[in-house]
Amino acid sequence: MKNKQIILIRHAEAAASWGTSNPDPGLSNIGKKQAKILRKHLTNVDGFKVISSPMARALQTCQIALDIPLKNIQINATFSEIPSSNINAEDKSLWLQKISQSSVRNLPNNLQNWFERIIEALEHITEDTIIFSHFMVINAVISYITKQDKLVTSFPDYTSLTKIENADGSLKLTSFGTDKKTHINL
């Protein structure tokens, strides 16, 4: 069986920072421009299945970059942002900094389950697929494939493409997305 290509794309810049009163911001004007530029880099993806996190910033990046209607996008919450609904908005940035430095094996149960669901979903992909997702999801994948103990091991920039392959349930990293130490505006 041919290896299946999986392209993980981090959403473009959001209109609001993580931890603000808006838990699901869409794209900023800069983010909309980034998504349009991304379109030029998505060549040879005809026939790929398209999946997106349900978060507005990921969905909007997907729709703009691929110029497709919502009905052609499979929305999958597995690839949504790291679960944090139990964290107060004003505490989220500090909480995220702490989690980012954590060992995967020391994550709270709900985050370990989140991590495992992402990997399991990727291992069961049976066709070439593009997934529009988030910084922490991409880090979970890279951490797993490269067998790193820390959750955050890279800094994928907005609209970066991280490419992996699924070879009969075995995941392999084929290329990192643009790695840039920017302020994380989740």
# chains A, B, ... in the order shown; residues from 1 in each chain; ligands from 1
>>> residues_around(residues="Leu111 of chain A", least_positions_apart="2", cutoff="12 Å", atoms="only C-alpha atoms", output="list of chain:residue names")
A:Thr78, A:Glu81, A:Ile82, A:Pro83, A:Ser84, A:Ser85, A:Asn86, A:Leu96, A:Ile99, A:Ser100, A:Ser102, A:Ser103, A:Val104, A:Arg105, A:Asn106, A:Leu107, A:Pro108, A:Asn109, A:Asn113, A:Trp114, A:Phe115, A:Glu116, A:Arg117, A:Ile118, A:Met136, A:Val137, A:Ala140, A:Leu151
>>> residues_around(residues="Glu127 of chain A", least_positions_apart="4", cutoff="10 Å", atoms="only C-alpha atoms", output="PyMOL selection string")
chain A and resi 2-6+47-49+166
>>> write_last_selection(atoms="C-alpha atoms", output="compact mmCIF listing (two decimals), in the first residue's frame")
# COMPACT_ATOMS: atom_id res chain seq x y z
CA LYS A 2 1.29 3.45 -0.95
CA ASN A 3 2.24 5.79 1.89
CA LYS A 4 -0.37 8.46 2.49
CA GLN A 5 0.77 12.07 2.56
CA ILE A 6 -0.52 14.26 5.37
CA GLY A 47 -7.67 14.87 -4.74
CA PHE A 48 -6.47 15.39 -1.17
CA LYS A 49 -9.07 15.04 1.56
CA ASN A 166 1.34 7.39 7.15
>>> atom_distance(atom1="atom CA of Leu66 of chain A", atom2="atom CA of Pro25 of chain A")
19.9 Å
>>> residues_around(residues="segment 35-37 of chain A", least_positions_apart="5", cutoff="7 Å", atoms="only C-alpha atoms", output="ChimeraX atom specification")
/A:12,61,64-65,159
>>> write_last_selection(atoms="C-alpha atoms", output="mmCIF file, in the first residue's frame")
data_model
loop_
_atom_site.group_PDB
_atom_site.id
_atom_site.type_symbol
_atom_site.label_atom_id
_atom_site.label_comp_id
_atom_site.auth_asym_id
_atom_site.auth_seq_id
_atom_site.Cartn_x
_atom_site.Cartn_y
_atom_site.Cartn_z
ATOM 1 C CA ALA A 12 -3.007 32.109 9.776
ATOM 2 C CA THR A 61 -7.471 29.757 6.664
ATOM 3 C CA ILE A 64 -9.252 31.170 1.806
ATOM 4 C CA ALA A 65 -6.161 29.067 1.010
ATOM 5 C CA THR A 159 0.461 28.955 7.592
#
>>> select_by_dssp(residues="segment 110-168 of chain A", states="alpha helix (DSSP H)", output="list in words")
Asn110, Leu111, Gln112, Asn113, Trp114, Phe115, Glu116, Arg117, Ile118, Ile119, Glu120, Ala121, Leu122, Glu123, Phe135, Met136, Val137, Ile138, Asn139, Ala140, Val141, Ile142, Ser143, Tyr144 and Ile145 of chain A
>>> residues_around(residues="Arg57 of chain A", least_positions_apart="6", cutoff="9 Å", atoms="only C-alpha atoms", output="MDAnalysis selection string")
chainID A and resid 11:15 24:28 31 133
>>> residues_around(residues="Ile131 of chain A", least_positions_apart="3", cutoff="9 Å", atoms="only C-alpha atoms", output="list in words")
Ile6, Ile7, Leu8, Ile9, Arg10, Lys49, Val50, Ile51, Ser52, Ser53, Cys62 and Phe79 of chain A
>>> residues_around(residues="Phe155 of chain A", least_positions_apart="4", cutoff="12 Å", atoms="only C-alpha atoms", output="number ranges by chain")
A: 10, 100, 134-140, 142-143, 151, 159-162, 176-185
>>> write_last_selection(atoms="N, CA and C atoms", output="mmCIF file, in the first residue's frame")
data_model
loop_
_atom_site.group_PDB
_atom_site.id
_atom_site.type_symbol
_atom_site.label_atom_id
_atom_site.label_comp_id
_atom_site.auth_asym_id
_atom_site.auth_seq_id
_atom_site.Cartn_x
_atom_site.Cartn_y
_atom_site.Cartn_z
ATOM 1 N N ARG A 10 -0.626 25.071 9.966
ATOM 2 C CA ARG A 10 -1.028 25.931 11.075
ATOM 3 C C ARG A 10 -1.870 27.076 10.512
ATOM 4 N N SER A 100 3.532 24.002 27.889
ATOM 5 C CA SER A 100 4.498 23.934 26.790
ATOM 6 C C SER A 100 5.828 23.323 27.215
ATOM 7 N N HIS A 134 -3.542 23.724 14.536
ATOM 8 C CA HIS A 134 -3.020 24.687 15.504
ATOM 9 C C HIS A 134 -1.598 24.343 15.948
ATOM 10 N N PHE A 135 -0.946 25.346 16.494
ATOM 11 C CA PHE A 135 0.428 25.254 16.996
ATOM 12 C C PHE A 135 0.632 24.037 17.895
ATOM 13 N N MET A 136 -0.218 23.883 18.903
ATOM 14 C CA MET A 136 -0.026 22.795 19.872
ATOM 15 C C MET A 136 -0.317 21.426 19.264
ATOM 16 N N VAL A 137 -1.253 21.332 18.342
ATOM 17 C CA VAL A 137 -1.540 20.055 17.670
ATOM 18 C C VAL A 137 -0.320 19.635 16.858
ATOM 19 N N ILE A 138 0.226 20.560 16.101
ATOM 20 C CA ILE A 138 1.401 20.248 15.285
ATOM 21 C C ILE A 138 2.563 19.846 16.176
ATOM 22 N N ASN A 139 2.724 20.519 17.300
ATOM 23 C CA ASN A 139 3.783 20.143 18.236
ATOM 24 C C ASN A 139 3.560 18.756 18.818
ATOM 25 N N ALA A 140 2.332 18.412 19.116
ATOM 26 C CA ALA A 140 2.043 17.068 19.633
ATOM 27 C C ALA A 140 2.478 16.016 18.615
ATOM 28 N N ILE A 142 4.738 16.329 16.101
ATOM 29 C CA ILE A 142 6.201 16.309 15.964
ATOM 30 C C ILE A 142 6.841 15.641 17.179
ATOM 31 N N SER A 143 6.350 15.963 18.364
ATOM 32 C CA SER A 143 6.864 15.356 19.590
ATOM 33 C C SER A 143 6.741 13.833 19.534
ATOM 34 N N LEU A 151 6.318 18.513 25.142
ATOM 35 C CA LEU A 151 5.191 18.738 24.242
ATOM 36 C C LEU A 151 5.553 19.724 23.135
ATOM 37 N N THR A 159 0.628 29.578 8.910
ATOM 38 C CA THR A 159 0.461 28.955 7.592
ATOM 39 C C THR A 159 1.630 28.052 7.189
ATOM 40 N N SER A 160 2.445 27.629 8.139
ATOM 41 C CA SER A 160 3.536 26.723 7.790
ATOM 42 C C SER A 160 2.984 25.334 7.482
ATOM 43 N N LEU A 161 3.692 24.610 6.633
ATOM 44 C CA LEU A 161 3.304 23.267 6.220
ATOM 45 C C LEU A 161 4.266 22.256 6.827
ATOM 46 N N THR A 162 3.753 21.369 7.640
ATOM 47 C CA THR A 162 4.531 20.268 8.191
ATOM 48 C C THR A 162 4.020 19.008 7.509
ATOM 49 N N PHE A 176 9.629 19.628 8.029
ATOM 50 C CA PHE A 176 9.146 20.585 9.020
ATOM 51 C C PHE A 176 8.565 21.792 8.310
ATOM 52 N N GLY A 177 7.596 22.412 8.948
ATOM 53 C CA GLY A 177 7.097 23.693 8.461
ATOM 54 C C GLY A 177 8.079 24.779 8.832
ATOM 55 N N THR A 178 7.828 25.977 8.364
ATOM 56 C CA THR A 178 8.663 27.116 8.719
ATOM 57 C C THR A 178 8.639 27.272 10.230
ATOM 58 N N ASP A 179 9.803 27.239 10.822
ATOM 59 C CA ASP A 179 9.930 27.288 12.275
ATOM 60 C C ASP A 179 10.423 28.677 12.663
ATOM 61 N N LYS A 180 9.583 29.387 13.380
ATOM 62 C CA LYS A 180 9.942 30.755 13.716
ATOM 63 C C LYS A 180 9.496 31.043 15.143
ATOM 64 N N LYS A 181 10.371 31.611 15.924
ATOM 65 C CA LYS A 181 10.016 31.941 17.309
ATOM 66 C C LYS A 181 9.253 33.269 17.315
ATOM 67 N N THR A 182 7.963 33.148 17.144
ATOM 68 C CA THR A 182 7.101 34.325 17.154
ATOM 69 C C THR A 182 6.221 34.262 18.381
ATOM 70 N N HIS A 183 5.601 35.375 18.699
ATOM 71 C CA HIS A 183 4.605 35.384 19.775
ATOM 72 C C HIS A 183 3.472 34.449 19.356
ATOM 73 N N ILE A 184 3.098 33.538 20.200
ATOM 74 C CA ILE A 184 2.032 32.603 19.881
ATOM 75 C C ILE A 184 0.695 33.291 20.109
ATOM 76 N N ASN A 185 0.036 33.628 19.025
ATOM 77 C CA ASN A 185 -1.254 34.294 19.084
ATOM 78 C C ASN A 185 -2.331 33.256 18.788
#
>>> select_by_dssp(residues="segment 12-172 of chain A", states="strand (DSSP E)", output="list in words")
Lys49, Val50, Ile51, Ser52, Gln74, Ile75, Thr129, Ile130, Ile131, Phe132, Ser133, Leu161, Thr162, Lys163, Ile164, Glu165, Asn166, Ala167, Ser170, Leu171 and Lys172 of chain A
>>> write_last_selection(atoms="N, CA and C atoms", output="compact mmCIF listing (two decimals), in the first residue's frame")
# COMPACT_ATOMS: atom_id res chain seq x y z
N LYS A 49 -7.97 14.80 0.62
CA LYS A 49 -9.07 15.04 1.56
C LYS A 49 -8.72 16.29 2.35
N VAL A 50 -9.72 17.10 2.68
CA VAL A 50 -9.48 18.34 3.42
C VAL A 50 -10.18 18.26 4.77
N ILE A 51 -9.39 18.41 5.84
CA ILE A 51 -9.90 18.39 7.21
C ILE A 51 -9.50 19.70 7.87
N SER A 52 -10.38 20.19 8.73
CA SER A 52 -10.04 21.39 9.50
C SER A 52 -10.54 21.26 10.93
N GLN A 74 -14.08 18.62 5.81
CA GLN A 74 -14.48 17.76 6.92
C GLN A 74 -14.00 18.42 8.20
N ILE A 75 -14.93 18.81 9.05
CA ILE A 75 -14.57 19.44 10.31
C ILE A 75 -14.37 18.35 11.35
N THR A 129 -4.10 13.69 2.66
CA THR A 129 -4.95 14.58 3.44
C THR A 129 -4.23 15.87 3.81
N ILE A 130 -4.98 16.97 3.79
CA ILE A 130 -4.51 18.26 4.29
C ILE A 130 -5.32 18.55 5.55
N ILE A 131 -4.63 18.95 6.62
CA ILE A 131 -5.31 19.25 7.89
C ILE A 131 -4.92 20.66 8.33
N PHE A 132 -5.93 21.51 8.50
CA PHE A 132 -5.71 22.86 9.01
C PHE A 132 -5.92 22.83 10.51
N SER A 133 -4.88 23.21 11.24
CA SER A 133 -4.91 22.99 12.68
C SER A 133 -4.18 24.10 13.43
N LEU A 161 3.69 24.61 6.63
CA LEU A 161 3.30 23.27 6.22
C LEU A 161 4.27 22.26 6.83
N THR A 162 3.75 21.37 7.64
CA THR A 162 4.53 20.27 8.19
C THR A 162 4.02 19.01 7.51
N LYS A 163 4.93 18.27 6.89
CA LYS A 163 4.51 17.11 6.10
C LYS A 163 4.93 15.81 6.79
N ILE A 164 3.96 14.90 6.84
CA ILE A 164 4.23 13.58 7.39
C ILE A 164 3.67 12.54 6.43
N GLU A 165 4.06 11.31 6.65
CA GLU A 165 3.51 10.18 5.89
C GLU A 165 2.95 9.16 6.85
N ASN A 166 1.90 8.52 6.41
CA ASN A 166 1.34 7.39 7.15
C ASN A 166 1.63 6.15 6.31
N ALA A 167 2.49 5.30 6.83
CA ALA A 167 2.84 4.05 6.18
C ALA A 167 2.21 2.92 6.97
N SER A 170 2.08 3.73 10.62
CA SER A 170 3.34 4.23 11.18
C SER A 170 3.59 5.63 10.61
N LEU A 171 3.74 6.60 11.50
CA LEU A 171 3.90 7.99 11.07
C LEU A 171 5.38 8.37 10.94
N LYS A 172 5.67 9.11 9.89
CA LYS A 172 7.04 9.53 9.61
C LYS A 172 7.02 11.01 9.21
>>> closest_residue(among="A:Asp67, A:Met55, A:Val152, A:Gly169", to="Glu120 of chain A", atoms="only C-alpha atoms")
A:Gly169
>>> closest_residue(among="A:Trp95, A:Asn110, A:Asp168, A:Ser17", to="Ile125 of chain A", atoms="only C-alpha atoms")
A:Asp168
>>> decode(residues="segment 164-177 of chain A", atoms="N, CA and C atoms", output="PDB file, in the first residue's frame")
ATOM      1  N   ILE A 164       3.958  14.901   6.837  1.00  0.00           N
ATOM      2  CA  ILE A 164       4.228  13.583   7.389  1.00  0.00           C
ATOM      3  C   ILE A 164       3.670  12.544   6.425  1.00  0.00           C
ATOM      4  N   GLU A 165       4.060  11.306   6.650  1.00  0.00           N
ATOM      5  CA  GLU A 165       3.511  10.185   5.888  1.00  0.00           C
ATOM      6  C   GLU A 165       2.950   9.161   6.847  1.00  0.00           C
ATOM      7  N   ASN A 166       1.901   8.521   6.408  1.00  0.00           N
ATOM      8  CA  ASN A 166       1.342   7.395   7.146  1.00  0.00           C
ATOM      9  C   ASN A 166       1.629   6.153   6.312  1.00  0.00           C
ATOM     10  N   ALA A 167       2.493   5.303   6.833  1.00  0.00           N
ATOM     11  CA  ALA A 167       2.839   4.047   6.176  1.00  0.00           C
ATOM     12  C   ALA A 167       2.211   2.920   6.975  1.00  0.00           C
ATOM     13  N   ASP A 168       0.995   2.567   6.601  1.00  0.00           N
ATOM     14  CA  ASP A 168       0.261   1.497   7.288  1.00  0.00           C
ATOM     15  C   ASP A 168       0.199   1.706   8.793  1.00  0.00           C
ATOM     16  N   GLY A 169      -0.118   2.926   9.215  1.00  0.00           N
ATOM     17  CA  GLY A 169      -0.276   3.223  10.634  1.00  0.00           C
ATOM     18  C   GLY A 169       0.981   3.694  11.324  1.00  0.00           C
ATOM     19  N   SER A 170       2.082   3.733  10.615  1.00  0.00           N
ATOM     20  CA  SER A 170       3.338   4.233  11.177  1.00  0.00           C
ATOM     21  C   SER A 170       3.591   5.627  10.612  1.00  0.00           C
ATOM     22  N   LEU A 171       3.740   6.605  11.498  1.00  0.00           N
ATOM     23  CA  LEU A 171       3.901   7.992  11.073  1.00  0.00           C
ATOM     24  C   LEU A 171       5.375   8.367  10.937  1.00  0.00           C
ATOM     25  N   LYS A 172       5.669   9.110   9.890  1.00  0.00           N
ATOM     26  CA  LYS A 172       7.041   9.532   9.609  1.00  0.00           C
ATOM     27  C   LYS A 172       7.018  11.007   9.211  1.00  0.00           C
ATOM     28  N   LEU A 173       7.878  11.802   9.821  1.00  0.00           N
ATOM     29  CA  LEU A 173       8.012  13.212   9.485  1.00  0.00           C
ATOM     30  C   LEU A 173       8.848  13.333   8.218  1.00  0.00           C
ATOM     31  N   THR A 174       8.302  14.006   7.193  1.00  0.00           N
ATOM     32  CA  THR A 174       9.063  14.166   5.949  1.00  0.00           C
ATOM     33  C   THR A 174       9.596  15.586   5.772  1.00  0.00           C
ATOM     34  N   SER A 175       8.918  16.585   6.353  1.00  0.00           N
ATOM     35  CA  SER A 175       9.479  17.942   6.340  1.00  0.00           C
ATOM     36  C   SER A 175       8.809  18.805   7.393  1.00  0.00           C
ATOM     37  N   PHE A 176       9.629  19.628   8.029  1.00  0.00           N
ATOM     38  CA  PHE A 176       9.146  20.585   9.020  1.00  0.00           C
ATOM     39  C   PHE A 176       8.565  21.792   8.310  1.00  0.00           C
ATOM     40  N   GLY A 177       7.596  22.412   8.948  1.00  0.00           N
ATOM     41  CA  GLY A 177       7.097  23.693   8.461  1.00  0.00           C
ATOM     42  C   GLY A 177       8.079  24.779   8.832  1.00  0.00           C
TER      43      GLY A 177
END
